[in-house]
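See below for input_29.cif, which holds mmCIF, C-alpha atoms and all ligand atoms.
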```cif
data_entry
loop_
_atom_site.label_atom_id
_atom_site.label_comp_id
_atom_site.auth_asym_id
_atom_site.auth_seq_id
_atom_site.Cartn_x
_atom_site.Cartn_y
_atom_site.Cartn_z
CA MET A 1 113.33 33.16 52.70
CA LYS A 2 111.35 35.71 50.75
CA GLU A 3 109.76 38.42 52.80
CA PHE A 4 107.08 40.90 51.80
CA THR A 5 105.92 44.17 53.29
CA ASP A 6 102.45 45.59 53.65
CA ARG A 7 100.50 47.84 55.98
CA VAL A 8 97.04 48.33 57.39
CA ARG A 9 95.43 51.58 58.38
CA TRP A 10 93.77 52.21 61.69
CA GLY A 11 92.31 55.72 61.90
CA ASN A 12 95.27 57.92 61.10
CA THR A 13 97.83 55.34 62.13
CA HIS A 14 99.52 53.05 59.68
CA ILE A 15 100.71 49.71 60.93
CA PRO A 16 103.46 48.45 58.65
CA TYR A 17 104.42 44.81 58.81
CA ARG A 18 106.61 42.23 57.13
CA TYR A 19 105.28 38.81 56.26
CA ARG A 20 106.58 35.54 54.97
CA TYR A 21 105.14 32.16 54.17
CA THR A 22 105.91 29.14 56.31
CA LYS A 23 104.79 25.55 56.63
CA ARG A 24 102.62 26.34 59.64
CA LYS A 25 98.86 25.84 59.49
CA THR A 26 97.74 29.02 61.20
CA LEU A 27 98.74 32.61 60.86
CA GLY A 28 100.96 34.07 63.58
CA ILE A 29 101.55 37.74 64.35
CA SER A 30 104.48 39.00 66.46
CA VAL A 31 105.32 42.43 67.78
CA HIS A 32 109.02 42.90 68.46
CA PRO A 33 110.73 45.16 70.99
CA ASP A 34 111.91 47.43 68.20
CA LEU A 35 108.17 47.90 67.45
CA THR A 36 108.24 46.05 64.15
CA VAL A 37 105.39 43.67 63.36
CA THR A 38 105.97 40.40 61.56
CA VAL A 39 103.54 37.80 60.26
CA LYS A 40 104.07 34.15 59.48
CA ALA A 41 101.38 32.90 57.16
CA PRO A 42 100.51 29.46 55.81
CA GLU A 43 101.54 28.95 52.17
CA GLY A 44 99.02 30.38 49.75
CA THR A 45 97.33 32.88 52.09
CA SER A 46 96.42 35.94 50.01
CA PRO A 47 97.76 39.38 50.98
CA GLU A 48 94.14 40.49 51.52
CA ALA A 49 93.51 37.68 53.98
CA ILE A 50 96.71 38.59 55.85
CA ARG A 51 95.68 42.21 55.94
CA ALA A 52 92.28 41.25 57.35
CA LYS A 53 93.93 39.18 60.10
CA VAL A 54 96.32 41.98 61.02
CA ARG A 55 93.41 44.41 61.13
CA GLN A 56 91.62 42.13 63.59
CA ARG A 57 94.60 42.29 65.89
CA VAL A 58 95.18 46.05 65.78
CA ALA A 59 94.13 46.61 69.40
CA TRP A 60 96.48 43.88 70.54
CA ILE A 61 99.36 45.28 68.43
CA ARG A 62 98.85 48.74 69.87
CA LYS A 63 98.81 47.33 73.38
CA ALA A 64 102.04 45.45 72.71
CA TRP A 65 103.61 48.64 71.37
CA ARG A 66 102.76 50.44 74.55
CA GLU A 67 104.14 47.67 76.67
CA PHE A 68 107.38 47.77 74.79
CA GLU A 69 107.79 51.39 74.22
CA LEU A 70 106.87 54.97 74.69
CA TYR A 71 104.12 54.72 72.17
CA LEU A 72 102.03 57.83 71.72
CA PRO A 73 98.48 57.18 70.58
CA LYS A 74 96.80 59.63 68.30
CA GLN A 75 96.05 62.85 70.16
CA PRO A 76 92.61 64.43 70.04
CA ASP A 77 91.96 66.85 67.21
CA ARG A 78 92.17 70.46 68.29
CA ARG A 79 90.20 73.42 66.99
CA TYR A 80 92.10 76.19 68.82
CA VAL A 81 89.00 78.15 69.77
CA SER A 82 87.86 79.61 73.09
CA GLY A 83 86.45 77.04 75.49
CA GLU A 84 88.66 74.18 74.42
CA THR A 85 90.95 72.67 77.04
CA HIS A 86 94.68 72.28 76.59
CA ARG A 87 97.11 70.64 78.97
CA TYR A 88 100.35 71.77 80.48
CA LEU A 89 102.32 69.61 82.95
CA GLY A 90 99.33 67.38 83.51
CA ARG A 91 96.84 70.15 84.26
CA GLN A 92 94.01 71.28 82.07
CA TYR A 93 93.63 74.90 81.05
CA ARG A 94 90.75 76.42 79.21
CA LEU A 95 91.59 78.39 76.11
CA LYS A 96 90.52 82.02 75.75
CA VAL A 97 91.28 83.67 72.45
CA PHE A 98 91.10 87.45 72.01
CA GLU A 99 91.98 89.67 69.15
CA GLY A 100 94.54 92.34 69.99
CA PRO A 101 97.27 94.56 68.59
CA GLU A 102 100.08 92.17 69.58
CA ASN A 103 100.50 88.44 70.00
CA SER A 104 100.88 87.04 73.50
CA VAL A 105 100.18 83.82 75.39
CA LYS A 106 99.79 83.53 79.15
CA CYS A 107 98.94 80.57 81.31
CA LEU A 108 97.16 81.97 84.32
CA ARG A 109 94.52 80.87 86.86
CA GLY A 110 93.26 77.88 84.90
CA TYR A 111 93.28 79.59 81.52
CA PHE A 112 95.44 79.90 78.48
CA TRP A 113 94.99 83.56 77.49
CA VAL A 114 95.88 83.99 73.86
CA ILE A 115 95.89 87.48 72.43
CA THR A 116 96.43 87.42 68.72
CA THR A 117 96.37 89.66 65.68
CA ASP A 118 94.99 86.71 63.73
CA ARG A 119 92.32 84.47 65.23
CA THR A 120 92.53 81.68 62.67
CA PRO A 121 93.13 78.26 64.25
CA THR A 122 96.49 77.91 62.49
CA ALA A 123 97.73 81.19 63.95
CA VAL A 124 96.49 80.31 67.44
CA GLN A 125 98.03 76.86 67.18
CA GLN A 126 101.35 78.37 66.20
CA LEU A 127 101.31 80.80 69.13
CA LEU A 128 100.47 78.03 71.58
CA GLU A 129 103.12 75.74 70.17
CA THR A 130 105.78 78.42 70.46
CA TRP A 131 104.71 78.91 74.07
CA TYR A 132 104.88 75.17 74.75
CA ARG A 133 108.28 74.94 73.08
CA ASP A 134 109.72 77.81 75.14
CA HIS A 135 108.53 76.21 78.33
CA ALA A 136 109.47 72.69 77.28
CA ARG A 137 113.04 73.81 76.68
CA ASN A 138 113.47 74.88 80.31
CA ILE A 139 111.46 72.15 81.94
CA PHE A 140 112.94 69.28 79.93
CA ARG A 141 116.45 70.63 80.52
CA GLY A 142 115.81 70.78 84.26
CA ARG A 143 114.26 67.30 84.38
CA LEU A 144 117.10 65.84 82.31
CA ASP A 145 119.67 67.33 84.68
CA ALA A 146 117.81 65.89 87.68
CA CYS A 147 117.40 62.43 86.11
CA TYR A 148 120.96 62.41 84.87
CA ARG A 149 122.36 62.87 88.36
CA LEU A 150 121.24 59.31 89.13
CA ALA A 151 122.11 57.93 85.71
CA ALA A 152 125.67 59.27 85.89
CA ARG A 153 126.43 56.77 88.66
CA GLU A 154 125.68 53.98 86.20
CA ASN A 155 128.25 55.30 83.74
CA ILE A 156 125.61 56.48 81.33
CA PRO A 157 127.12 59.13 79.04
CA GLU A 158 125.66 62.62 79.29
CA PRO A 159 123.29 63.15 76.37
CA MET A 160 122.43 66.10 74.18
CA LEU A 161 118.77 67.08 74.24
CA ARG A 162 116.49 67.86 71.35
CA ILE A 163 112.80 68.65 71.32
CA GLN A 164 110.74 67.71 68.34
CA LYS A 165 107.12 67.15 67.37
CA MET A 166 106.59 63.45 66.83
CA THR A 167 103.42 61.67 65.94
CA ASN A 168 103.89 58.27 67.47
CA ARG A 169 106.25 58.32 70.39
CA TRP A 170 106.98 60.25 73.54
CA GLY A 171 110.71 60.07 73.11
CA SER A 172 113.62 58.30 71.49
CA CYS A 173 117.38 58.35 71.43
CA SER A 174 120.06 58.21 68.78
CA ASP A 175 123.28 56.24 68.52
CA LYS A 176 125.13 59.52 68.76
CA GLY A 177 123.95 59.92 72.35
CA ARG A 178 121.16 62.36 71.79
CA ILE A 179 117.80 62.19 73.53
CA LEU A 180 114.81 63.32 71.56
CA LEU A 181 111.68 64.33 73.46
CA ASN A 182 108.30 64.89 71.90
CA LEU A 183 107.00 68.42 72.41
CA GLU A 184 103.68 66.79 73.42
CA LEU A 185 105.37 65.47 76.54
CA ILE A 186 105.18 68.95 78.10
CA LYS A 187 101.45 68.22 78.52
CA ALA A 188 102.18 65.29 80.84
CA THR A 189 103.05 65.46 84.54
CA ARG A 190 106.64 65.82 85.71
CA ASP A 191 106.83 62.24 86.96
CA CYS A 192 105.84 61.01 83.49
CA ILE A 193 108.38 63.32 81.86
CA ASP A 194 111.02 61.88 84.19
CA TYR A 195 109.97 58.36 83.19
CA VAL A 196 110.45 59.06 79.48
CA ILE A 197 113.81 60.74 80.11
CA THR A 198 115.07 57.94 82.36
CA HIS A 199 113.84 55.33 79.90
CA GLU A 200 115.88 56.99 77.15
CA LEU A 201 118.89 57.47 79.42
CA CYS A 202 118.91 53.71 80.02
CA HIS A 203 118.94 53.16 76.27
CA LEU A 204 122.23 55.04 76.05
CA LYS A 205 123.73 52.12 77.95
CA GLU A 206 121.38 49.27 77.02
CA LYS A 207 120.16 49.66 73.49
CA HIS A 208 117.47 46.99 73.48
CA HIS A 209 114.63 46.13 75.80
CA GLY A 210 116.37 43.08 77.19
CA PRO A 211 116.44 42.02 80.86
CA ARG A 212 119.51 44.23 81.48
CA PHE A 213 117.59 47.26 80.22
CA TRP A 214 114.63 46.70 82.56
CA LYS A 215 116.92 45.97 85.49
CA LEU A 216 118.79 49.22 84.97
CA LEU A 217 115.56 51.17 84.59
CA GLU A 218 114.18 49.66 87.77
CA LYS A 219 117.33 50.54 89.64
CA LEU A 220 117.14 54.18 88.58
CA MET A 221 113.37 54.43 88.92
CA PRO A 222 111.82 51.70 91.08
CA ASP A 223 108.26 52.92 90.41
CA PHE A 224 108.66 53.22 86.63
CA GLU A 225 105.78 50.78 86.05
CA GLN A 226 103.25 53.11 87.69
CA ARG A 227 104.57 56.08 85.79
CA ARG A 228 104.36 54.21 82.52
CA LYS A 229 100.74 53.28 83.23
CA LYS A 230 99.95 56.86 84.11
CA LEU A 231 101.51 58.06 80.88
CA ASN A 232 99.46 55.59 78.85
CA LEU A 233 96.30 56.61 80.65
CA PHE A 234 97.08 60.23 80.06
CA ALA A 235 97.51 59.58 76.38
CA ASP A 236 94.08 58.03 76.12
CA VAL A 237 92.29 61.13 77.36
ZN ZN B 301 112.69 52.00 74.89
#
```

Could you render the structure from this file as C-alpha cells?
Amino acid sequence: MKEFTDRVRWGNTHIPYRYRYTKRKTLGISVHPDLTVTVKAPEGTSPEAIRAKVRQRVAWIRKAWREFELYLPKQPDRRYVSGETHRYLGRQYRLKVFEGPENSVKCLRGYFWVITTDRTPTAVQQLLETWYRDHARNIFRGRLDACYRLAARENIPEPMLRIQKMTNRWGSCSDKGRILLNLELIKATRDCIDYVITHELCHLKEKHHGPRFWKLLEKLMPDFEQRRKKLNLFADV
C-alpha cells in the first residue's frame, strides 16, 4: 500500500508523519512506541486536510511521546545575561556575568559567577556549556556506575557512555551498547538522571517498550513512574 510522508510544525518542533489511504470513513492518528506518527485517512482526503487534523492533535501527540519516551520539550530561550536563572542538578542559580582578564565559571551560594573576557551571549553560553559538560562527565559517570550495579544482576551488558546536546530527548541508546545522555539532563535532579540512565540500561536488554521492558524497569526502579512525572514537570518549567 502506498505511503506518503509529511510534517507539521509546532513552534520550533517538527512533527513528521507517514500517511496512507484506507477504506475507513474517519481519519485516525497513531503514535507508536518508536515515536513515529502514522495517519490512516479516508480515500480522497487532501494532504492539507490531513495536515490540519494532525495539527489539531499536536498536544495529544506530544503527550503520547512523553508517555512512551524520554521526550524533551523545547527548552526556554536563554539570553545569557546577569539576572537570568540557570539550573544545575535541579536547583536554580542566578547568573552573574563580569568582565575580567581571564575566563572562569563558578557555581557558588545560589549564583553562577561567570568571569569572561567577552560578554557576548555566545561567549557566555560557551563558557557555561563547557562548565556543564565538565560536571556532567563526572556526575553521569557516577550515576551510571551506581545504576549499573543493579542492572548487572539482570545480565545487562555494561555500556559505554557519551554525552551530547540533543534537542528532543533526554537520552537514547545504540545497538552497539552505548548510552547517550543529553547534556541538558545535568539540569535535572539526580533521581531523574537515574531514571533516564536506568531506562536506557533496560533498553540494552529489551529494545522495545513492550511489557517485558516495563517489567524490567519496574524491577530495577519501582518508583520510576514518579521520577518520569517529575522529569516531565521539570521540562515544562
Ligand atoms: Zn525508551

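Nearest residue to Ile163 in chain A, choosing from A:Leu183, A:Leu144, A:Val58, A:Ile193 and counting only C-alpha atoms: A:Leu183.
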
Using all atoms listed in the file, determine which residues fall within 9 Å of ligand ZN 301 (chain B), then list them as number ranges by chain. A: 33-34, 68-70, 171-173, 196, 199-200, 202-203, 207-209, 213

Closest of A:Leu180, A:Val81, A:Cys107, A:Cys147 to Pro121 in chain A - atom-to-atom distances counting only C-alpha atoms: A:Val81

Which residue is closest to Glu99 in chain A? Choose from A:Thr117, A:Arg87, A:Lys229, A:Pro211 and count all atoms listed in the file.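 Once distances to Glu99 in chain A are computed over all atoms listed in the file, the minimum belongs to A:Thr117.
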
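Pairwise distance (CA of Ala188 in chain A, CA of Leu231 in chain A) equals 7.3 Å.
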